[in-house]
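Okay, structure first, notes after.
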Protein chains: 2
Amino acid sequence: MSLKHAILTLLETEEGSGYDLLKRFKQRLGFFWNASHQQIYLQLKKMTSEGFLKFELETQHGRPDRKVYHVTALGKQALINWMEGSVKVDKVNDALLVKLYAGHLVEPGILSKEITKHKVIHQRMLNTFLALEKQYLLLQDDEKTPFTLPYLTLRKGILGEQAWLTWADEVNEYLTSLK
Amino acid sequence: MSLKHAILTLLETEEGSGYDLLKRFKQRLGFFWNASHQQIYLQLKKMTSEGFLKFELETQHGRPDRKVYHVTALGKQALINWMEGSVKVDKVNDALLVKLYAGHLVEPGILSKEITKHKVIHQRMLNTFLALEKQYLLLQDDEKTPFTLPYLTLRKGILGEQAWLTWADEVNEYLTSLK
DNA sequence: GATATATATGCAACTAAATGCATATACTCT
DNA sequence: AGAGTATATGCATTTAGTTGCATATATATC
């Protein structure tokens, strides 16, 4: 389980509430880690009880209080230990490909509609990533340094989405030829 | 949940036992669907009780009996219904990228070792896919037709692995520059 | 002779994640 | 006035998946 380590990573760089983490997952890690708010809050609670995190309550008026979490020494050590071990190659389970594999059971139009729908989403994600890349590339060389590793994860998102879109074009070309 | 639909897809083309499915998942769908034998056997049992599958017992000597499953009319309809609906864009959770993101906490050598380890596996997968592609491309045009959709899923595997390896080279180049 | 892999199926316990529900205020857009 | 989004947290239930264990024979490799 790595939600735990993803949370430790985010909080190690900068403390924050569950809600902050939710936003960071969406905005910055969306292409390689996704978690719902339910999962995040539950995990924060669990990790606090295990001693990896502590929080300060920040009272607010008009809106709910925030629990601002930070990583303890124990938590940081747990993260480093995990970093030094090795992770498994990610298991892939892609329902869209199951559909394509069994495509002979339905009209080609159904498949191309579905592919197109996904293509829009992937194209949008790629655009977001390219915009983020642009920001990084505009930095002075010495400002880049602290962001290089996150930038490399972004590159994964970019190359992955580009490959996805290239593939989708191949598929659409074939499906169109059937009509 | 699509393990169910992946199983229906495989059995719709050709009946088989749980063990057969396990092999087909490993050999033919490995790049887009993965399931353990425990998961498969449990799912077969469940789907049988729901009326999507039936099986004949094939007694053997020397080795355990086989339950050979086939899809019922109800099962086929369920698959078609699923095909006609739409699936969500796959959620990505990639522990290796979490590690890279937090790479500043450990020596660069640890990261490059890990990346290299994964690279070997991805390269091996790519080689397997390319070998499968070669087989398909050697077929006569009229023999290709029934395999085109599975071939397109294979293309996803190929393009995905190539993108992965391209990315890994970028990462290694950066990590090497640090030494 | 020992070890590993292939054949073939399954249960039990646990962990991870998805889904649904619940609360309460503020701001923006139509 | 109503809908939607943002802020902020959480519990309960269900589904999906992992890990460990169990059994039993045949064949291939070291």
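Residue numbers start at 1 in each chain; chains themselves are named A, B, ... in the order of the structure tokens; ligands are numbered from 1 in the order shown.
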Find the residues around region 2-17 of chain D up to 9 Å (only C-alpha atoms (C1' of nucleotides) counted), leave out those fewer than 3 positions away in its own chain, and share them as a PDB file with C-alpha atoms (C1' of nucleotides), in the first residue's frame.
```pdb
ATOM      1  CA  GLY A  18      -6.675  16.287   4.492  1.00  0.00           C
ATOM      2  CA  TYR A  19      -8.426  18.702   2.239  1.00  0.00           C
ATOM      3  CA  GLN A  38     -12.737   9.227   2.332  1.00  0.00           C
ATOM      4  CA  TYR A  41      -9.116  11.064   5.932  1.00  0.00           C
ATOM      5  CA  LEU A  42      -9.195   7.441   7.023  1.00  0.00           C
ATOM      6  CA  ARG A  63     -16.109  27.012   7.858  1.00  0.00           C
ATOM      7  CA  PRO A  64     -15.066  23.746   9.481  1.00  0.00           C
ATOM      8  CA  ASP A  65     -11.881  23.544  11.507  1.00  0.00           C
ATOM      9  CA  ARG A  66      -8.768  22.230   9.795  1.00  0.00           C
TER      10      ARG A  66
ATOM     11  CA  MET B   1     -15.609  -4.601 -11.653  1.00  0.00           C
ATOM     12  CA  ALA B  35      -5.717 -11.709 -11.891  1.00  0.00           C
ATOM     13  CA  SER B  36      -4.505 -14.290  -9.412  1.00  0.00           C
ATOM     14  CA  GLN B  39      -9.493 -14.357  -7.647  1.00  0.00           C
TER      15      GLN B  39
ATOM     16  C1'  DT C  15      -6.022  -4.938   3.320  1.00  0.00           C
ATOM     17  C1'  DA C  16      -7.388  -1.503   0.044  1.00  0.00           C
ATOM     18  C1'  DA C  17     -10.690   0.960  -2.263  1.00  0.00           C
ATOM     19  C1'  DA C  18     -15.358   2.328  -3.881  1.00  0.00           C
ATOM     20  C1'  DT C  19     -19.894   3.918  -2.809  1.00  0.00           C
ATOM     21  C1'  DG C  20     -23.242   6.025  -0.193  1.00  0.00           C
ATOM     22  C1'  DC C  21     -24.528   8.925   3.456  1.00  0.00           C
ATOM     23  C1'  DA C  22     -24.096  12.985   6.700  1.00  0.00           C
ATOM     24  C1'  DT C  23     -23.157  17.875   8.139  1.00  0.00           C
ATOM     25  C1'  DT C  25     -21.311  27.479   5.574  1.00  0.00           C
ATOM     26  C1'  DA C  26     -19.854  30.712   1.786  1.00  0.00           C
ATOM     27  C1'  DC C  27     -19.628  32.239  -2.771  1.00  0.00           C
ATOM     28  C1'  DT C  28     -20.654  32.450  -7.714  1.00  0.00           C
ATOM     29  C1'  DC C  29     -23.369  31.941 -11.620  1.00  0.00           C
ATOM     30  C1'  DT C  30     -27.844  31.617 -14.075  1.00  0.00           C
TER      31       DT C  30
END
```
### Contact residues (chain A, partner chain B, 6 Å, only C-alpha atoms) as a PyMOL selection string
chain A and resi 6+9+32-33+92-94+97-98+101-102+149-150+153+159+163
Selected residues, C-alpha atoms, written as a PDB file, in the first residue's frame, please.
```pdb
ATOM      1  CA  ALA A   6       2.224   9.221  -1.054  1.00  0.00           C
ATOM      2  CA  THR A   9       5.813  12.361   0.697  1.00  0.00           C
ATOM      3  CA  PHE A  32       0.306   8.845 -10.894  1.00  0.00           C
ATOM      4  CA  TRP A  33      -1.680   8.766  -7.692  1.00  0.00           C
ATOM      5  CA  VAL A  92      -2.388  -3.047 -15.050  1.00  0.00           C
ATOM      6  CA  ASN A  93      -6.142  -3.564 -15.263  1.00  0.00           C
ATOM      7  CA  ASP A  94      -7.631  -1.635 -18.138  1.00  0.00           C
ATOM      8  CA  LEU A  97      -8.963  -2.881 -23.492  1.00  0.00           C
ATOM      9  CA  VAL A  98     -11.204  -5.699 -22.318  1.00  0.00           C
ATOM     10  CA  TYR A 101     -10.744  -7.272 -27.148  1.00  0.00           C
ATOM     11  CA  ALA A 102     -14.382  -8.342 -27.178  1.00  0.00           C
ATOM     12  CA  LEU A 149      12.203  15.127  -9.640  1.00  0.00           C
ATOM     13  CA  PRO A 150       8.543  16.186  -9.696  1.00  0.00           C
ATOM     14  CA  THR A 153       7.179  12.385 -12.861  1.00  0.00           C
ATOM     15  CA  LEU A 159       4.866  10.550 -22.505  1.00  0.00           C
ATOM     16  CA  ALA A 163       1.398   7.188 -26.301  1.00  0.00           C
TER      17      ALA A 163
END
```
### Query
Can you list, as a ChimeraX atom specification, every residue of region 3-178 of chain A that DSSP puts in helix (DSSP H, G or I)?
/A:3-13,18-27,37-49,73-84,95-101,103-105,108-137,141-177
### Task
Among the residues of region 15-170 of chain A, find those DSSP assigns to strand (DSSP E) from the backbone and print them as a PyMOL selection string.
chain A and resi 53-58+66-71
Take the residues that were just selected and, keeping C-alpha atoms, output them as a tab-separated table (two decimals), in the first residue's frame.
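Result file is selection-v2.tsv:
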```tsv
chain	number	residue	atom	x	y	z
A	53	LEU	CA	1.78	11.91	11.83
A	54	LYS	CA	0.67	14.60	14.28
A	55	PHE	CA	-1.77	17.41	13.76
A	56	GLU	CA	-2.64	20.82	15.12
A	57	LEU	CA	-6.22	21.94	15.12
A	58	GLU	CA	-6.72	25.22	13.29
A	66	ARG	CA	-8.77	22.23	9.80
A	67	LYS	CA	-6.50	19.53	11.10
A	68	VAL	CA	-3.06	20.46	9.91
A	69	TYR	CA	-0.87	17.37	9.78
A	70	HIS	CA	2.89	17.07	9.78
A	71	VAL	CA	5.24	14.10	9.60
```
Pull out every residue of chain C that has at least one atom within 8 Å of chain B, counting only C-alpha atoms (C1' of nucleotides), and report them as a PDB file with N, CA and C atoms (P, O5', C5', C4', C3', O3' and C1' of nucleotides), in the first residue's frame.
```
ATOM      1  P    DT C   7       0.830 -26.142 -17.275  1.00  0.00           P
ATOM      2  O5'  DT C   7       0.044 -27.194 -16.376  1.00  0.00           O
ATOM      3  C5'  DT C   7       0.081 -28.581 -16.703  1.00  0.00           C
ATOM      4  C4'  DT C   7      -0.793 -29.346 -15.733  1.00  0.00           C
ATOM      5  C3'  DT C   7      -2.221 -28.791 -15.611  1.00  0.00           C
ATOM      6  O3'  DT C   7      -3.154 -29.790 -15.936  1.00  0.00           O
ATOM      7  C1'  DT C   7      -1.275 -29.175 -13.478  1.00  0.00           C
ATOM      8  P    DA C   8      -4.616 -29.444 -16.356  1.00  0.00           P
ATOM      9  O5'  DA C   8      -5.208 -28.866 -14.996  1.00  0.00           O
ATOM     10  C5'  DA C   8      -6.094 -29.661 -14.205  1.00  0.00           C
ATOM     11  C4'  DA C   8      -6.411 -29.033 -12.869  1.00  0.00           C
ATOM     12  C3'  DA C   8      -6.990 -27.611 -12.836  1.00  0.00           C
ATOM     13  O3'  DA C   8      -8.416 -27.665 -12.997  1.00  0.00           O
ATOM     14  C1'  DA C   8      -5.680 -28.211 -10.895  1.00  0.00           C
ATOM     15  P    DT C   9      -9.306 -26.302 -12.750  1.00  0.00           P
ATOM     16  O5'  DT C   9      -9.425 -26.262 -11.158  1.00  0.00           O
ATOM     17  C5'  DT C   9     -10.019 -27.384 -10.495  1.00  0.00           C
ATOM     18  C4'  DT C   9      -9.994 -27.201  -8.997  1.00  0.00           C
ATOM     19  C3'  DT C   9     -10.760 -25.983  -8.504  1.00  0.00           C
ATOM     20  O3'  DT C   9     -12.025 -26.364  -7.983  1.00  0.00           O
ATOM     21  C1'  DT C   9      -8.706 -26.359  -7.303  1.00  0.00           C
ATOM     22  P    DG C  10     -13.130 -25.287  -7.692  1.00  0.00           P
ATOM     23  O5'  DG C  10     -12.603 -24.713  -6.294  1.00  0.00           O
ATOM     24  C5'  DG C  10     -12.826 -25.508  -5.138  1.00  0.00           C
ATOM     25  C4'  DG C  10     -12.001 -25.002  -4.007  1.00  0.00           C
ATOM     26  C3'  DG C  10     -12.428 -23.668  -3.406  1.00  0.00           C
ATOM     27  O3'  DG C  10     -13.513 -23.870  -2.544  1.00  0.00           O
ATOM     28  C1'  DG C  10     -10.076 -24.112  -3.266  1.00  0.00           C
TER      29       DG C  10
END
```
### Interface, chain D side, toward chain B (12 Å; only C-alpha atoms (C1' of nucleotides)) as a list in words
DT15, DA16, DG17, DT18, DT19, DG20, DC21, DT23, DA24, DT25 and DA26 of chain D
#### Entry: Shell of 10 Å around Gln27 (chain A), only C-alpha atoms (C1' of nucleotides), local chain residues under 4 positions omitted, as a list in words
Leu21, Leu22, Lys23, Phe31, Thr128 and Phe129 of chain A
Limited to N, CA and C atoms, could you put the picked residues into a file as a short mmCIF file (atom, residue, chain, number, x, y, z; two decimals), in the first residue's frame?
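Output below, filename again36.cif:
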```cif
data_model
loop_
_atom_site.label_atom_id
_atom_site.label_comp_id
_atom_site.auth_asym_id
_atom_site.auth_seq_id
_atom_site.Cartn_x
_atom_site.Cartn_y
_atom_site.Cartn_z
N LEU A 21 -4.42 17.90 1.01
CA LEU A 21 -3.85 16.74 0.33
C LEU A 21 -4.71 16.34 -0.85
N LEU A 22 -6.01 16.36 -0.63
CA LEU A 22 -6.95 16.03 -1.70
C LEU A 22 -6.67 16.90 -2.93
N LYS A 23 -6.50 18.20 -2.68
CA LYS A 23 -6.23 19.11 -3.79
C LYS A 23 -4.88 18.84 -4.44
N PHE A 31 -1.74 12.22 -12.22
CA PHE A 31 -1.35 11.28 -13.26
C PHE A 31 -0.61 10.08 -12.71
N THR A 128 -3.15 19.79 -19.76
CA THR A 128 -2.81 20.23 -18.41
C THR A 128 -1.33 19.98 -18.11
N PHE A 129 -0.87 18.80 -18.47
CA PHE A 129 0.53 18.45 -18.18
C PHE A 129 1.49 19.33 -18.97
#
```
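Rounded to one decimal, CA of Leu74 (chain A) and CA of Glu50 (chain A) lie 9.3 Å from each other.
Going from CA of Gly16 (chain A) over to CA of Gln140 (chain A), you cover 28.0 Å.
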